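The structure appears right after this line, and notes come after that.
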Amino acid sequence: MSSVSFQRYSDEFKSLKKQVQDSLHEGFKDVETGDTGNLLSQCDELLQQMALEARSVADPGTKRELLQQVRGCKSELQALKDDHNKKSLMASARSGNGTDNRERLLQQQEMLTKQNSQLENARKVLEETEAVAMEIGEELSHNRETIESTHGRVRQVTSLTGRARRVVQSMNRRAVQQQMLLYGMAASVVIVFFVLVWWMR
């Protein structure tokens, strides 16, 4: 079910991404009205849903593949955001004139570059953390299987030990019964012997 939901979100993301690309290619009109910004926000929300669906998948291999797709979509979205910000700044610069606008544009571009660098570093740290977490999860799963297998062998040994104990107890009972039978036979022989001796007198 999670894979189906993930695919639905992925298809919707691709559709929105196409709309953003078309909007950016049309020029500054949509950028200025904020339509592109709204589309980018919707893409962000879809990526969050895709990440949640990917993390809820039980199979480690499928989870890794889906998370890789999410990271690819994040990179594509970041590129669209950069393009949108650049065109927004250019549109802002065109609306005014003079050196102040150019300086403000340069400052904003520098700030965006720093922010993008920080976001990229944070994304790399997150990817490394997710990779480590998945490795730990796989190791724990392997350890759990090993423990369950060990418990199974312990139960088998315990069962065999119980059977052996019952066999020994049965053998002891038979030995006691045989001893009692021998004692009984010996007593019978002695009694018969004394009876014969008494009759022969």
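Every chain in the structure tokens has a letter given in the order shown (A, B, ...), and although residue numbers restart at 1 in each chain, ligands are simply numbered from 1 in the order shown.
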> Near segment 67-74 of chain A, within 12 Å and counting only C-alpha atoms, which residues show up once chain neighbours fewer than 6 positions away are dropped, as a count of residues only?
Replying inline: 41
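Computed from the coordinates, the atom CA of Ser5 of chain A to atom CA of Thr62 of chain A distance equals 13.8 Å.
Atom CA of Ala79 of chain A is found 11.2 Å from atom CA of Val20 of chain A.
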What separates atom CA of Glu76 of chain A and atom CA of Asp59 of chain A is a distance of 26.0 Å
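With only C-alpha atoms as the basis for measurement, A:Glu110 is the residue among A:Glu110, A:Gln42, A:Leu196, A:Arg64 that approaches Lys86 of chain A most closely.
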